[in-house]
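S.K.: For reference, this is coords_34.cif, and it has mmCIF, C-alpha atoms and all ligand atoms.
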```cif
data_coords
#
loop_
_atom_site.label_atom_id
_atom_site.label_comp_id
_atom_site.auth_asym_id
_atom_site.auth_seq_id
_atom_site.Cartn_x
_atom_site.Cartn_y
_atom_site.Cartn_z
CA MET A 1 25.74 28.13 -13.35
CA LEU A 2 22.76 28.41 -15.72
CA TYR A 3 19.69 28.33 -13.47
CA CYS A 4 18.85 28.23 -9.78
CA GLY A 5 15.42 27.52 -8.31
CA VAL A 6 14.10 29.56 -5.38
CA CYS A 7 12.92 27.30 -2.56
CA HIS A 8 10.93 28.49 0.44
CA SER A 9 13.79 27.10 2.55
CA ASP A 10 16.01 29.86 1.09
CA CYS A 11 13.62 32.35 2.73
CA HIS A 12 13.48 30.46 6.06
CA VAL A 13 17.26 30.35 6.31
CA GLY A 14 17.94 33.77 4.77
CA LEU A 15 15.48 35.33 7.23
CA ASN A 16 16.91 33.31 10.16
CA ASP A 17 13.60 31.55 10.92
CA LEU A 18 15.59 28.57 12.27
CA HIS A 19 17.84 30.83 14.40
CA SER A 20 20.99 29.31 12.94
CA THR A 21 21.88 31.51 9.98
CA LYS A 22 25.46 32.60 9.47
CA TYR A 23 25.70 35.86 7.53
CA PRO A 24 26.62 36.80 4.89
CA PHE A 25 24.17 34.29 3.46
CA VAL A 26 23.89 33.15 -0.18
CA GLY A 27 20.76 31.07 -0.91
CA GLY A 28 19.96 28.55 -3.62
CA HIS A 29 19.97 24.77 -3.39
CA GLU A 30 18.43 23.92 -6.75
CA LEU A 31 21.50 24.48 -8.93
CA LEU A 32 21.77 23.65 -12.58
CA GLY A 33 24.87 24.24 -14.63
CA LYS A 34 27.33 23.04 -17.19
CA VAL A 35 30.66 21.52 -16.17
CA VAL A 36 33.45 23.86 -17.25
CA GLU A 37 36.36 22.23 -15.45
CA VAL A 38 37.05 18.96 -13.61
CA GLY A 39 39.75 17.88 -11.17
CA ALA A 40 42.33 15.26 -12.14
CA LYS A 41 40.61 12.42 -10.24
CA VAL A 42 37.06 13.10 -11.43
CA THR A 43 35.42 10.21 -13.32
CA LYS A 44 31.68 10.76 -12.84
CA HIS A 45 31.32 13.94 -14.92
CA LYS A 46 33.18 15.60 -17.76
CA VAL A 47 33.50 19.07 -19.21
CA GLY A 48 30.34 19.95 -21.14
CA ASP A 49 27.98 17.76 -19.06
CA HIS A 50 24.87 19.33 -17.59
CA VAL A 51 24.73 18.65 -13.86
CA GLY A 52 22.66 19.68 -10.90
CA VAL A 53 23.35 20.16 -7.21
CA GLY A 54 20.63 19.89 -4.59
CA CYS A 55 20.63 20.62 -0.88
CA ILE A 56 23.76 18.66 0.07
CA VAL A 57 27.39 19.27 -0.88
CA ASP A 58 29.06 16.96 1.62
CA ALA A 59 28.48 14.21 4.19
CA CYS A 60 30.83 11.78 5.95
CA LEU A 61 30.11 9.05 3.33
CA ASP A 62 31.34 6.54 5.89
CA CYS A 63 28.55 6.00 8.45
CA PRO A 64 25.92 3.24 7.97
CA THR A 65 23.35 5.85 6.90
CA CYS A 66 25.59 7.31 4.17
CA LYS A 67 26.51 3.79 3.06
CA ASP A 68 22.77 3.07 2.70
CA GLY A 69 22.59 5.96 0.21
CA ASP A 70 20.89 8.26 2.70
CA GLU A 71 23.57 10.97 2.78
CA ASN A 72 20.72 13.34 3.65
CA TYR A 73 20.52 11.64 7.06
CA CYS A 74 24.31 11.36 7.62
CA MET A 75 24.85 10.37 11.27
CA LYS A 76 27.72 12.84 11.60
CA GLY A 77 25.73 15.62 9.91
CA LEU A 78 25.50 16.64 6.27
CA THR A 79 26.99 19.83 4.88
CA GLY A 80 24.17 21.86 3.36
CA THR A 81 24.69 23.64 0.05
CA TYR A 82 24.20 26.90 1.92
CA ASN A 83 24.69 27.82 5.57
CA GLY A 84 26.57 24.53 5.95
CA THR A 85 29.72 23.82 7.86
CA ARG A 86 32.72 22.42 6.01
CA LYS A 87 33.66 19.30 7.93
CA TYR A 88 34.81 16.57 5.58
CA GLY A 89 37.10 18.50 3.23
CA ARG A 90 35.10 18.13 0.04
CA VAL A 91 33.76 21.66 -0.35
CA ALA A 92 35.13 25.08 -1.04
CA GLY A 93 33.93 27.71 1.41
CA ASN A 94 34.60 31.20 2.62
CA GLN A 95 36.82 32.28 5.47
CA GLU A 96 34.05 31.76 8.02
CA ASN A 97 33.77 28.07 7.16
CA ASN A 98 30.31 28.62 5.74
CA THR A 99 28.92 27.24 2.46
CA TRP A 100 27.27 29.55 -0.06
CA GLY A 101 24.48 28.43 -2.39
CA GLY A 102 23.53 28.75 -6.03
CA TYR A 103 22.46 32.40 -6.34
CA SER A 104 25.84 32.64 -7.96
CA GLY A 105 27.69 32.75 -11.28
CA SER A 106 29.69 29.59 -10.59
CA HIS A 107 29.88 26.72 -8.13
CA VAL A 108 32.54 24.17 -7.17
CA VAL A 109 31.33 20.78 -5.93
CA ASN A 110 32.68 17.30 -5.29
CA GLU A 111 31.65 14.91 -8.08
CA HIS A 112 29.64 12.66 -5.72
CA PHE A 113 27.19 15.46 -4.99
CA ALA A 114 26.69 16.51 -8.63
CA ILE A 115 23.73 14.80 -10.31
CA LYS A 116 23.51 14.10 -14.05
CA ILE A 117 20.73 15.96 -15.83
CA PRO A 118 19.16 13.35 -18.12
CA GLU A 119 18.73 14.02 -21.82
CA GLY A 120 15.29 15.33 -22.65
CA LEU A 121 14.67 17.40 -19.51
CA PRO A 122 14.39 21.07 -20.45
CA LEU A 123 17.29 22.71 -18.62
CA GLU A 124 15.35 25.81 -17.60
CA LYS A 125 12.83 23.63 -15.74
CA ALA A 126 15.06 20.92 -14.28
CA ALA A 127 16.60 22.83 -11.35
CA PRO A 128 13.64 22.59 -8.92
CA ILE A 129 13.64 18.80 -9.18
CA LEU A 130 16.92 18.90 -7.20
CA CYS A 131 14.98 19.94 -4.07
CA ALA A 132 11.23 20.23 -4.66
CA GLY A 133 11.16 17.01 -6.72
CA ILE A 134 13.29 14.77 -4.52
CA THR A 135 11.68 16.02 -1.29
CA LEU A 136 8.36 14.58 -2.48
CA TYR A 137 9.72 11.57 -4.38
CA ASP A 138 11.80 10.21 -1.49
CA PRO A 139 8.93 9.80 1.02
CA ILE A 140 6.66 8.39 -1.69
CA LYS A 141 9.34 5.75 -2.34
CA HIS A 142 10.02 5.15 1.36
CA TRP A 143 6.32 4.62 2.16
CA GLY A 144 5.87 2.09 -0.66
CA GLY A 145 4.75 4.28 -3.56
CA CYS A 146 7.25 2.89 -6.10
CA GLU A 147 6.30 -0.75 -5.71
CA GLY A 148 3.51 -0.90 -8.28
CA LYS A 149 0.69 -0.89 -5.70
CA LYS A 150 -1.89 1.84 -6.28
CA MET A 151 -2.21 4.17 -3.31
CA THR A 152 -4.15 7.33 -2.51
CA ILE A 153 -1.68 10.09 -1.73
CA GLY A 154 -2.67 13.43 -0.23
CA ILE A 155 -0.53 16.49 -0.89
CA VAL A 156 -0.99 19.43 1.48
CA GLY A 157 0.09 22.92 0.31
CA LEU A 158 0.14 23.58 -3.41
CA GLY A 159 3.31 25.62 -3.75
CA GLY A 160 6.63 24.65 -5.32
CA LEU A 161 6.97 21.34 -3.44
CA GLY A 162 3.30 20.38 -3.39
CA THR A 163 2.69 20.73 -7.10
CA MET A 164 5.73 18.56 -7.85
CA GLY A 165 4.27 16.01 -5.43
CA VAL A 166 0.99 16.00 -7.34
CA LYS A 167 2.80 15.38 -10.63
CA ILE A 168 5.17 12.70 -9.33
CA ALA A 169 2.51 10.78 -7.38
CA ARG A 170 0.24 10.78 -10.42
CA ALA A 171 3.04 9.65 -12.76
CA LEU A 172 3.62 6.72 -10.39
CA GLY A 173 0.00 5.68 -10.90
CA HIS A 174 -1.56 6.86 -7.65
CA ASP A 175 -4.77 8.71 -6.93
CA VAL A 176 -3.87 12.18 -5.69
CA VAL A 177 -5.84 14.27 -3.21
CA ALA A 178 -4.65 17.88 -3.45
CA ILE A 179 -5.26 19.70 -0.15
CA SER A 180 -5.11 23.48 -0.06
CA THR A 181 -6.22 26.44 2.01
CA SER A 182 -7.30 28.08 -1.22
CA ALA A 183 -10.43 26.99 -3.13
CA LYS A 184 -9.05 28.94 -6.08
CA LYS A 185 -6.35 26.32 -6.64
CA GLU A 186 -8.72 23.49 -7.60
CA ALA A 187 -8.52 23.88 -11.38
CA MET A 188 -4.73 24.29 -11.24
CA ALA A 189 -4.35 21.19 -9.05
CA LYS A 190 -6.52 19.06 -11.29
CA GLU A 191 -4.70 20.28 -14.38
CA LYS A 192 -1.43 19.11 -12.76
CA GLY A 193 -2.89 15.65 -12.11
CA ALA A 194 -4.87 15.75 -8.84
CA THR A 195 -7.81 13.36 -8.88
CA HIS A 196 -9.55 15.00 -5.89
CA PHE A 197 -9.37 18.40 -4.21
CA VAL A 198 -9.93 19.34 -0.57
CA VAL A 199 -10.18 22.85 0.88
CA SER A 200 -8.57 22.26 4.27
CA THR A 201 -10.34 25.21 5.91
CA ASP A 202 -13.79 23.89 4.91
CA PRO A 203 -15.00 21.08 7.24
CA GLU A 204 -17.52 19.85 4.61
CA SER A 205 -14.81 19.51 2.00
CA VAL A 206 -12.57 17.60 4.47
CA LYS A 207 -15.45 15.34 5.49
CA LYS A 208 -16.05 14.21 1.90
CA MET A 209 -12.52 12.79 1.70
CA GLU A 210 -12.21 11.30 5.22
CA TRP A 211 -10.49 7.90 5.44
CA THR A 212 -9.10 8.07 1.92
CA CYS A 213 -5.35 8.74 2.09
CA ASP A 214 -2.75 6.01 2.64
CA LEU A 215 -0.09 8.69 2.78
CA ILE A 216 -0.20 12.48 3.12
CA LEU A 217 2.80 14.65 2.29
CA ASN A 218 2.47 17.95 4.10
CA THR A 219 4.45 20.85 2.58
CA VAL A 220 2.90 23.69 4.59
CA SER A 221 5.58 26.30 5.21
CA ALA A 222 4.05 28.18 8.16
CA LYS A 223 2.49 27.55 11.57
CA HIS A 224 -0.47 25.16 11.20
CA ASP A 225 -2.41 22.47 13.05
CA VAL A 226 -1.45 18.98 11.87
CA ASN A 227 -4.60 17.57 13.55
CA ALA A 228 -6.66 19.15 10.78
CA TYR A 229 -5.36 16.58 8.29
CA LEU A 230 -5.53 13.39 10.39
CA PRO A 231 -9.19 12.60 9.48
CA LEU A 232 -8.14 12.35 5.81
CA LEU A 233 -5.83 9.42 6.61
CA ASN A 234 -7.02 5.89 6.08
CA LYS A 235 -6.38 3.19 8.72
CA SER A 236 -2.58 2.73 9.10
CA GLY A 237 -1.98 5.91 7.12
CA THR A 238 0.98 8.22 7.68
CA ILE A 239 1.24 11.97 7.38
CA VAL A 240 4.76 13.15 6.59
CA GLN A 241 5.69 16.65 7.73
CA LEU A 242 8.03 18.34 5.24
CA GLY A 243 7.82 22.08 6.01
CA LEU A 244 10.61 23.69 8.04
CA VAL A 245 8.09 24.91 10.60
CA THR A 246 9.48 25.68 14.05
CA GLU A 247 6.19 26.04 15.95
CA THR A 248 5.16 23.01 18.01
CA HIS A 249 1.96 20.99 17.46
CA THR A 250 -0.38 19.78 20.18
CA ILE A 251 -1.60 16.31 19.33
CA SER A 252 -4.08 13.97 20.94
CA GLN A 253 -2.66 10.49 20.52
CA LEU A 254 -6.05 8.80 20.52
CA PRO A 255 -6.74 9.14 16.76
CA LEU A 256 -3.26 7.68 16.23
CA VAL A 257 -3.85 4.79 18.64
CA PHE A 258 -7.33 3.86 17.47
CA HIS A 259 -6.49 3.69 13.77
CA ARG A 260 -2.74 3.03 13.75
CA LYS A 261 -2.10 6.42 12.16
CA ALA A 262 1.38 7.93 12.20
CA ILE A 263 2.96 11.35 11.99
CA ALA A 264 6.45 11.32 10.49
CA GLY A 265 8.99 13.66 8.91
CA SER A 266 11.28 13.48 5.90
CA CYS A 267 14.20 15.53 4.63
CA ILE A 268 15.07 15.75 0.89
CA GLY A 269 16.66 12.46 -0.31
CA GLY A 270 20.02 10.80 -0.91
CA ILE A 271 22.13 11.27 -4.03
CA ALA A 272 21.11 7.98 -5.71
CA ASN A 273 17.40 8.69 -5.13
CA THR A 274 17.86 12.24 -6.43
CA GLN A 275 19.29 10.81 -9.65
CA GLU A 276 16.39 8.35 -9.77
CA CYS A 277 13.91 11.22 -9.34
CA LEU A 278 15.46 13.22 -12.20
CA ASP A 279 15.44 10.14 -14.42
CA LEU A 280 11.79 9.48 -13.54
CA CYS A 281 10.89 13.10 -14.37
CA ALA A 282 12.69 12.80 -17.74
CA LYS A 283 10.95 9.50 -18.50
CA HIS A 284 7.46 10.78 -17.69
CA ASN A 285 8.00 14.30 -18.98
CA ILE A 286 7.40 15.79 -15.52
CA THR A 287 8.61 19.33 -15.10
CA PRO A 288 7.85 21.89 -12.44
CA ASP A 289 5.91 24.91 -13.64
CA CYS A 290 8.53 27.61 -13.49
CA GLN A 291 8.50 31.37 -13.72
CA MET A 292 11.88 32.68 -14.80
CA ILE A 293 13.21 35.69 -12.93
CA GLU A 294 16.44 37.64 -12.97
CA ALA A 295 18.70 37.95 -9.96
CA ASN A 296 17.55 41.50 -9.23
CA GLN A 297 13.98 40.19 -8.71
CA ILE A 298 14.94 37.94 -5.83
CA ASP A 299 13.44 40.20 -3.13
CA TRP A 300 10.15 40.19 -5.04
CA ALA A 301 10.22 36.39 -5.38
CA TRP A 302 10.83 35.94 -1.63
CA GLU A 303 7.95 38.31 -0.91
CA GLN A 304 5.67 36.12 -3.04
CA LEU A 305 6.74 32.99 -1.13
CA THR A 306 6.54 34.47 2.35
CA GLY A 307 3.42 36.57 1.70
CA SER A 308 -0.09 35.31 1.15
CA GLY A 309 1.00 32.07 -0.55
CA ASN A 310 2.16 31.09 -3.98
CA ALA A 311 -1.00 31.66 -6.00
CA ASP A 312 -0.21 29.60 -9.06
CA GLY A 313 1.76 26.66 -7.71
CA ILE A 314 4.87 27.69 -9.58
CA ARG A 315 8.57 27.73 -8.79
CA TYR A 316 10.60 30.88 -9.36
CA VAL A 317 13.86 30.12 -11.14
CA ILE A 318 16.75 32.56 -11.55
CA ASP A 319 18.07 32.71 -15.12
CA ILE A 320 21.69 33.24 -14.17
CA LYS A 321 23.17 33.78 -17.63
CA LYS A 322 20.53 36.38 -18.42
CA SER A 323 21.03 38.05 -15.03
CA LEU A 324 24.76 38.34 -15.55
CA ALA A 325 24.29 39.66 -19.10
CA ASN A 326 21.86 42.34 -17.89
CA GLU A 327 23.89 45.50 -17.59
CA SER A 328 21.34 47.07 -15.24
CA PHE A 329 22.08 44.32 -12.73
CA VAL A 330 24.99 45.42 -10.63
CA PRO A 331 25.71 42.90 -7.89
CA LYS A 332 26.39 44.65 -4.62
P1 LIG A 401 5.87 27.44 -1.14
O1 LIG A 401 6.04 27.37 -2.61
O2 LIG A 401 5.81 28.76 -0.49
O3 LIG A 401 4.53 26.60 -0.77
C1 LIG A 401 4.06 26.45 0.54
C2 LIG A 401 2.55 26.24 0.54
O4 LIG A 401 2.12 26.04 1.88
C3 LIG A 401 1.74 27.43 0.04
O5 LIG A 401 1.62 27.47 -1.36
C4 LIG A 401 0.39 27.21 0.72
O6 LIG A 401 -0.37 26.27 -0.04
C5 LIG A 401 0.77 26.49 2.01
N1 LIG A 401 0.72 27.40 3.17
C6 LIG A 401 1.45 28.53 3.38
N2 LIG A 401 1.13 29.07 4.56
C7 LIG A 401 0.19 28.27 5.11
C8 LIG A 401 -0.54 28.29 6.34
N3 LIG A 401 -0.35 29.25 7.25
N4 LIG A 401 -1.44 27.29 6.58
C9 LIG A 401 -1.65 26.32 5.68
N5 LIG A 401 -1.00 26.26 4.49
C10 LIG A 401 -0.11 27.23 4.22
O7 LIG A 401 7.03 26.64 -0.39
P2 LIG A 401 7.88 25.37 -0.88
O8 LIG A 401 9.13 25.85 -1.54
O9 LIG A 401 6.98 24.43 -1.55
O10 LIG A 401 8.34 24.79 0.55
C11 LIG A 401 7.36 24.31 1.47
C12 LIG A 401 7.99 24.03 2.81
O11 LIG A 401 8.83 22.86 2.71
C13 LIG A 401 8.89 25.13 3.34
O12 LIG A 401 8.76 25.20 4.75
C14 LIG A 401 10.29 24.66 2.97
O13 LIG A 401 11.29 25.20 3.79
C15 LIG A 401 10.13 23.18 3.23
N6 LIG A 401 11.08 22.30 2.55
C16 LIG A 401 11.39 21.14 3.19
C17 LIG A 401 12.21 20.24 2.60
C18 LIG A 401 12.50 18.93 3.27
O14 LIG A 401 13.43 18.25 2.87
N7 LIG A 401 11.71 18.52 4.23
C19 LIG A 401 12.77 20.52 1.35
C20 LIG A 401 12.44 21.70 0.72
C21 LIG A 401 11.58 22.59 1.33
P3 LIG A 401 -1.97 26.43 -0.27
O15 LIG A 401 -2.18 27.84 -0.76
O16 LIG A 401 -2.26 25.40 -1.31
O17 LIG A 401 -2.65 26.17 1.04
ZN ZN A 402 14.59 23.45 -0.96
#
```
Just give me the structure of the file as structure tokens.
Ligand code: NAP
Ligand code: ZN
M.R.:
Amino acid sequence: MLYCGVCHSDCHVGLNDLHSTKYPFVGGHELLGKVVEVGAKVTKHKVGDHVGVGCIVDACLDCPTCKDGDENYCMKGLTGTYNGTRKYGRVAGNQENNTWGGYSGSHVVNEHFAIKIPEGLPLEKAAPILCAGITLYDPIKHWGGCEGKKMTIGIVGLGGLGTMGVKIARALGHDVVAISTSAKKEAMAKEKGATHFVVSTDPESVKKMEWTCDLILNTVSAKHDVNAYLPLLNKSGTIVQLGLVTETHTISQLPLVFHRKAIAGSCIGGIANTQECLDLCAKHNITPDCQMIEANQIDWAWEQLTGSGNADGIRYVIDIKKSLANESFVPK
């Protein structure tokens, strides 16, 4: 292991927000490392390659969904990189049949679930693409954003996921409406590629951009009202809910009926699309804005994510080699 990004999902699961956490818990599903050993039957990767692992370390690979390349929607259930259940025999795990993530010095993974890191991507910035990047790329592709047609794509929540969405949507040639609760994020959003900016808590600001978005990707990580964003959708537009928010929404179906609007969800992406996303990022020089931390700063990083909001739209990334070399860091 060289680097591991810190996703807000690590906090949700580590803090048992989804009421399904098995402890002891080890977070991290944006893993980046160098192959140090391969099994006898491995052909996809070799010793010395740089590879990444995202949110999935196993799936049945046999159902129609897996065969479509959507291992993330495996009909028999995927095995998550952390807090996952070993079911299909392709992952190492502890005695409680639980998977542990990338806040770790090493990781063992089946070759299918290891993604090649393309030449040219700076290693210290590539890790977050394995979750934050693919989670935004996959719905853009699914809803027609990779077909050469210019769209207007709204991105709600300018944290780790949202800012990657801004960059990827822009690189694909779309107009991007960055939508935030914080007026202070306008300059940052525009610097990352947003063409327009909406303060979601300001009705005037929302009104100016009504009927503009063909697609909205909503990365809000806490309880919120999805109705607030529906006026921004154009006719036939879709808002895709990405945050792991457990609170329910109350929705009037009339705005959906009268303008064929839709509310959908999306979960990361399959292995082939994850590779495609990394390759796209390498081609267009897209990297998340990262702040490197050491392992002993993880509590602080989680406090930033779960507190008042990630002020600068950056991803915290654990520098694992540096953490392990730091003599003051004594893992408990
Ligand atoms: P993050 O860096 O903390 O960003 C979340 C952003 O949401 C914040 O920067 C803030 O943006 C906005 N926000 C926070 N609280 C809000 C509230 N009460 N009302 C409105 N907006 C609020 O988190 P992340 O790592 O990007 O993850 C975002 C969410 O996606 C998390 O729930 C995570 O678990 C989930 N996730 C889902 C998938 C998937 O496959 N679907 C994959 C990875 C992560 P502004 O300050 O700009 O308003
Ligand atoms: Zn994640």
S.K.: Write out as a tab-separated table the residues of chain A that have any atom within 7 Å of an atom of ligand ZN 402 (chain A), one row each with the nearest atom pair and its distance in Å to one decimal, counting all atoms listed in the file, sorted by chain and then rising number.
M.R.:
```
residue	atom	partner	partner_atom	distance
A:Cys7	CA	A:ZN402	ZN	4.5
A:His8	CA	A:ZN402	ZN	6.4
A:Ser9	CA	A:ZN402	ZN	5.1
A:Asp10	CA	A:ZN402	ZN	6.9
A:His29	CA	A:ZN402	ZN	6.0
A:Glu30	CA	A:ZN402	ZN	7.0
A:Cys55	CA	A:ZN402	ZN	6.7
A:Cys131	CA	A:ZN402	ZN	4.7
A:Ala132	CA	A:ZN402	ZN	5.9
```
S.K.: Can you measure atom CA of A:Ile155 to atom CA of A:Ser200 for me? One decimal in Å is fine.
M.R.: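 It comes out at 11.2 Å.
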S.K.: What does the structure give for the distance between atom CA of A:Thr246 and atom CA of A:Asn218, in Å to one decimal?
M.R.: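 Value for the atom CA of A:Thr246-atom CA of A:Asn218 distance: 14.4 Å.
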S.K.: Select from chain A every residue with an atom at most 8 Å from any atom of ligand LIG 401 (chain A), then for each give the shortest pair of atoms and their distance in Å to one decimal, using only C-alpha atoms and all ligand atoms, rows by chain and rising number, as JSON lines.
M.R.:
```
{"residue": "A:Val6", "atom": "CA", "partner": "A:LIG401", "partner_atom": "O8", "distance": 7.3}
{"residue": "A:Cys7", "atom": "CA", "partner": "A:LIG401", "partner_atom": "O8", "distance": 4.2}
{"residue": "A:His8", "atom": "CA", "partner": "A:LIG401", "partner_atom": "O8", "distance": 3.8}
{"residue": "A:Ser9", "atom": "CA", "partner": "A:LIG401", "partner_atom": "O13", "distance": 3.4}
{"residue": "A:Asp10", "atom": "CA", "partner": "A:LIG401", "partner_atom": "O13", "distance": 7.2}
{"residue": "A:Cys11", "atom": "CA", "partner": "A:LIG401", "partner_atom": "O13", "distance": 7.6}
{"residue": "A:His12", "atom": "CA", "partner": "A:LIG401", "partner_atom": "O13", "distance": 6.1}
{"residue": "A:Cys131", "atom": "CA", "partner": "A:LIG401", "partner_atom": "C20", "distance": 5.7}
{"residue": "A:Ala132", "atom": "CA", "partner": "A:LIG401", "partner_atom": "C20", "distance": 5.7}
{"residue": "A:Thr135", "atom": "CA", "partner": "A:LIG401", "partner_atom": "O14", "distance": 5.0}
{"residue": "A:Val156", "atom": "CA", "partner": "A:LIG401", "partner_atom": "O16", "distance": 6.7}
{"residue": "A:Gly157", "atom": "CA", "partner": "A:LIG401", "partner_atom": "O6", "distance": 3.4}
{"residue": "A:Leu158", "atom": "CA", "partner": "A:LIG401", "partner_atom": "O16", "distance": 3.7}
{"residue": "A:Gly159", "atom": "CA", "partner": "A:LIG401", "partner_atom": "O3", "distance": 3.4}
{"residue": "A:Gly160", "atom": "CA", "partner": "A:LIG401", "partner_atom": "O9", "distance": 3.8}
{"residue": "A:Leu161", "atom": "CA", "partner": "A:LIG401", "partner_atom": "O9", "distance": 3.6}
{"residue": "A:Gly162", "atom": "CA", "partner": "A:LIG401", "partner_atom": "O9", "distance": 5.8}
{"residue": "A:Thr163", "atom": "CA", "partner": "A:LIG401", "partner_atom": "O9", "distance": 7.9}
{"residue": "A:Ile179", "atom": "CA", "partner": "A:LIG401", "partner_atom": "O16", "distance": 6.5}
{"residue": "A:Ser180", "atom": "CA", "partner": "A:LIG401", "partner_atom": "O16", "distance": 3.7}
{"residue": "A:Thr181", "atom": "CA", "partner": "A:LIG401", "partner_atom": "O17", "distance": 3.7}
{"residue": "A:Ser182", "atom": "CA", "partner": "A:LIG401", "partner_atom": "O15", "distance": 5.1}
{"residue": "A:Lys185", "atom": "CA", "partner": "A:LIG401", "partner_atom": "O16", "distance": 6.8}
{"residue": "A:Ser200", "atom": "CA", "partner": "A:LIG401", "partner_atom": "O17", "distance": 7.8}
{"residue": "A:Thr219", "atom": "CA", "partner": "A:LIG401", "partner_atom": "C11", "distance": 4.7}
{"residue": "A:Val220", "atom": "CA", "partner": "A:LIG401", "partner_atom": "O4", "distance": 3.7}
{"residue": "A:Ser221", "atom": "CA", "partner": "A:LIG401", "partner_atom": "O12", "distance": 3.4}
{"residue": "A:Ala222", "atom": "CA", "partner": "A:LIG401", "partner_atom": "N3", "distance": 4.6}
{"residue": "A:Lys223", "atom": "CA", "partner": "A:LIG401", "partner_atom": "N3", "distance": 5.4}
{"residue": "A:His224", "atom": "CA", "partner": "A:LIG401", "partner_atom": "N4", "distance": 5.2}
{"residue": "A:Gln241", "atom": "CA", "partner": "A:LIG401", "partner_atom": "N7", "distance": 7.2}
{"residue": "A:Leu242", "atom": "CA", "partner": "A:LIG401", "partner_atom": "N7", "distance": 3.8}
{"residue": "A:Gly243", "atom": "CA", "partner": "A:LIG401", "partner_atom": "O12", "distance": 3.5}
{"residue": "A:Leu244", "atom": "CA", "partner": "A:LIG401", "partner_atom": "O12", "distance": 4.1}
{"residue": "A:Val245", "atom": "CA", "partner": "A:LIG401", "partner_atom": "O12", "distance": 5.9}
{"residue": "A:Gly265", "atom": "CA", "partner": "A:LIG401", "partner_atom": "N7", "distance": 7.3}
{"residue": "A:Ser266", "atom": "CA", "partner": "A:LIG401", "partner_atom": "N7", "distance": 5.3}
{"residue": "A:Cys267", "atom": "CA", "partner": "A:LIG401", "partner_atom": "O14", "distance": 3.3}
{"residue": "A:Ile268", "atom": "CA", "partner": "A:LIG401", "partner_atom": "O14", "distance": 3.6}
{"residue": "A:Gly269", "atom": "CA", "partner": "A:LIG401", "partner_atom": "O14", "distance": 7.4}
{"residue": "A:Gln304", "atom": "CA", "partner": "A:LIG401", "partner_atom": "O2", "distance": 7.8}
{"residue": "A:Leu305", "atom": "CA", "partner": "A:LIG401", "partner_atom": "O2", "distance": 4.4}
{"residue": "A:Thr306", "atom": "CA", "partner": "A:LIG401", "partner_atom": "O2", "distance": 6.4}
{"residue": "A:Ser308", "atom": "CA", "partner": "A:LIG401", "partner_atom": "N2", "distance": 7.2}
{"residue": "A:Gly309", "atom": "CA", "partner": "A:LIG401", "partner_atom": "O5", "distance": 4.7}
{"residue": "A:Asn310", "atom": "CA", "partner": "A:LIG401", "partner_atom": "O5", "distance": 4.5}
{"residue": "A:Ala311", "atom": "CA", "partner": "A:LIG401", "partner_atom": "O15", "distance": 6.6}
{"residue": "A:Gly313", "atom": "CA", "partner": "A:LIG401", "partner_atom": "O5", "distance": 6.4}
{"residue": "A:Ile314", "atom": "CA", "partner": "A:LIG401", "partner_atom": "O1", "distance": 7.1}
{"residue": "A:Arg315", "atom": "CA", "partner": "A:LIG401", "partner_atom": "O1", "distance": 6.7}
```
S.K.: Interatomic distance between atom CA of A:Glu276 and atom CA of A:Asp58?
M.R.: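 If I compute the distance from atom CA of A:Glu276 to atom CA of A:Asp58, I get 19.1 Å.
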S.K.: Which neighbours of A:Leu233 fall inside 12 Å, counting only C-alpha atoms, when residues of the same chain fewer than 6 positions from it are skipped, and could you give them as a PyMOL selection string?
M.R.: chain A and resi 151-155+177+206-207+209-217+226-227+239-240+255-256+259-263
S.K.: Could you save those same residues with C-alpha atoms as a PDB file, in the coordinates of the input?
M.R.:
```pdb
ATOM      1  CA  MET A 151      -2.210   4.170  -3.310  1.00  0.00           C
ATOM      2  CA  THR A 152      -4.150   7.330  -2.510  1.00  0.00           C
ATOM      3  CA  ILE A 153      -1.680  10.090  -1.730  1.00  0.00           C
ATOM      4  CA  GLY A 154      -2.670  13.430  -0.230  1.00  0.00           C
ATOM      5  CA  ILE A 155      -0.530  16.490  -0.890  1.00  0.00           C
ATOM      6  CA  VAL A 177      -5.840  14.270  -3.210  1.00  0.00           C
ATOM      7  CA  VAL A 206     -12.570  17.600   4.470  1.00  0.00           C
ATOM      8  CA  LYS A 207     -15.450  15.340   5.490  1.00  0.00           C
ATOM      9  CA  MET A 209     -12.520  12.790   1.700  1.00  0.00           C
ATOM     10  CA  GLU A 210     -12.210  11.300   5.220  1.00  0.00           C
ATOM     11  CA  TRP A 211     -10.490   7.900   5.440  1.00  0.00           C
ATOM     12  CA  THR A 212      -9.100   8.070   1.920  1.00  0.00           C
ATOM     13  CA  CYS A 213      -5.350   8.740   2.090  1.00  0.00           C
ATOM     14  CA  ASP A 214      -2.750   6.010   2.640  1.00  0.00           C
ATOM     15  CA  LEU A 215      -0.090   8.690   2.780  1.00  0.00           C
ATOM     16  CA  ILE A 216      -0.200  12.480   3.120  1.00  0.00           C
ATOM     17  CA  LEU A 217       2.800  14.650   2.290  1.00  0.00           C
ATOM     18  CA  VAL A 226      -1.450  18.980  11.870  1.00  0.00           C
ATOM     19  CA  ASN A 227      -4.600  17.570  13.550  1.00  0.00           C
ATOM     20  CA  ILE A 239       1.240  11.970   7.380  1.00  0.00           C
ATOM     21  CA  VAL A 240       4.760  13.150   6.590  1.00  0.00           C
ATOM     22  CA  PRO A 255      -6.740   9.140  16.760  1.00  0.00           C
ATOM     23  CA  LEU A 256      -3.260   7.680  16.230  1.00  0.00           C
ATOM     24  CA  HIS A 259      -6.490   3.690  13.770  1.00  0.00           C
ATOM     25  CA  ARG A 260      -2.740   3.030  13.750  1.00  0.00           C
ATOM     26  CA  LYS A 261      -2.100   6.420  12.160  1.00  0.00           C
ATOM     27  CA  ALA A 262       1.380   7.930  12.200  1.00  0.00           C
ATOM     28  CA  ILE A 263       2.960  11.350  11.990  1.00  0.00           C
TER      29      ILE A 263
END
```
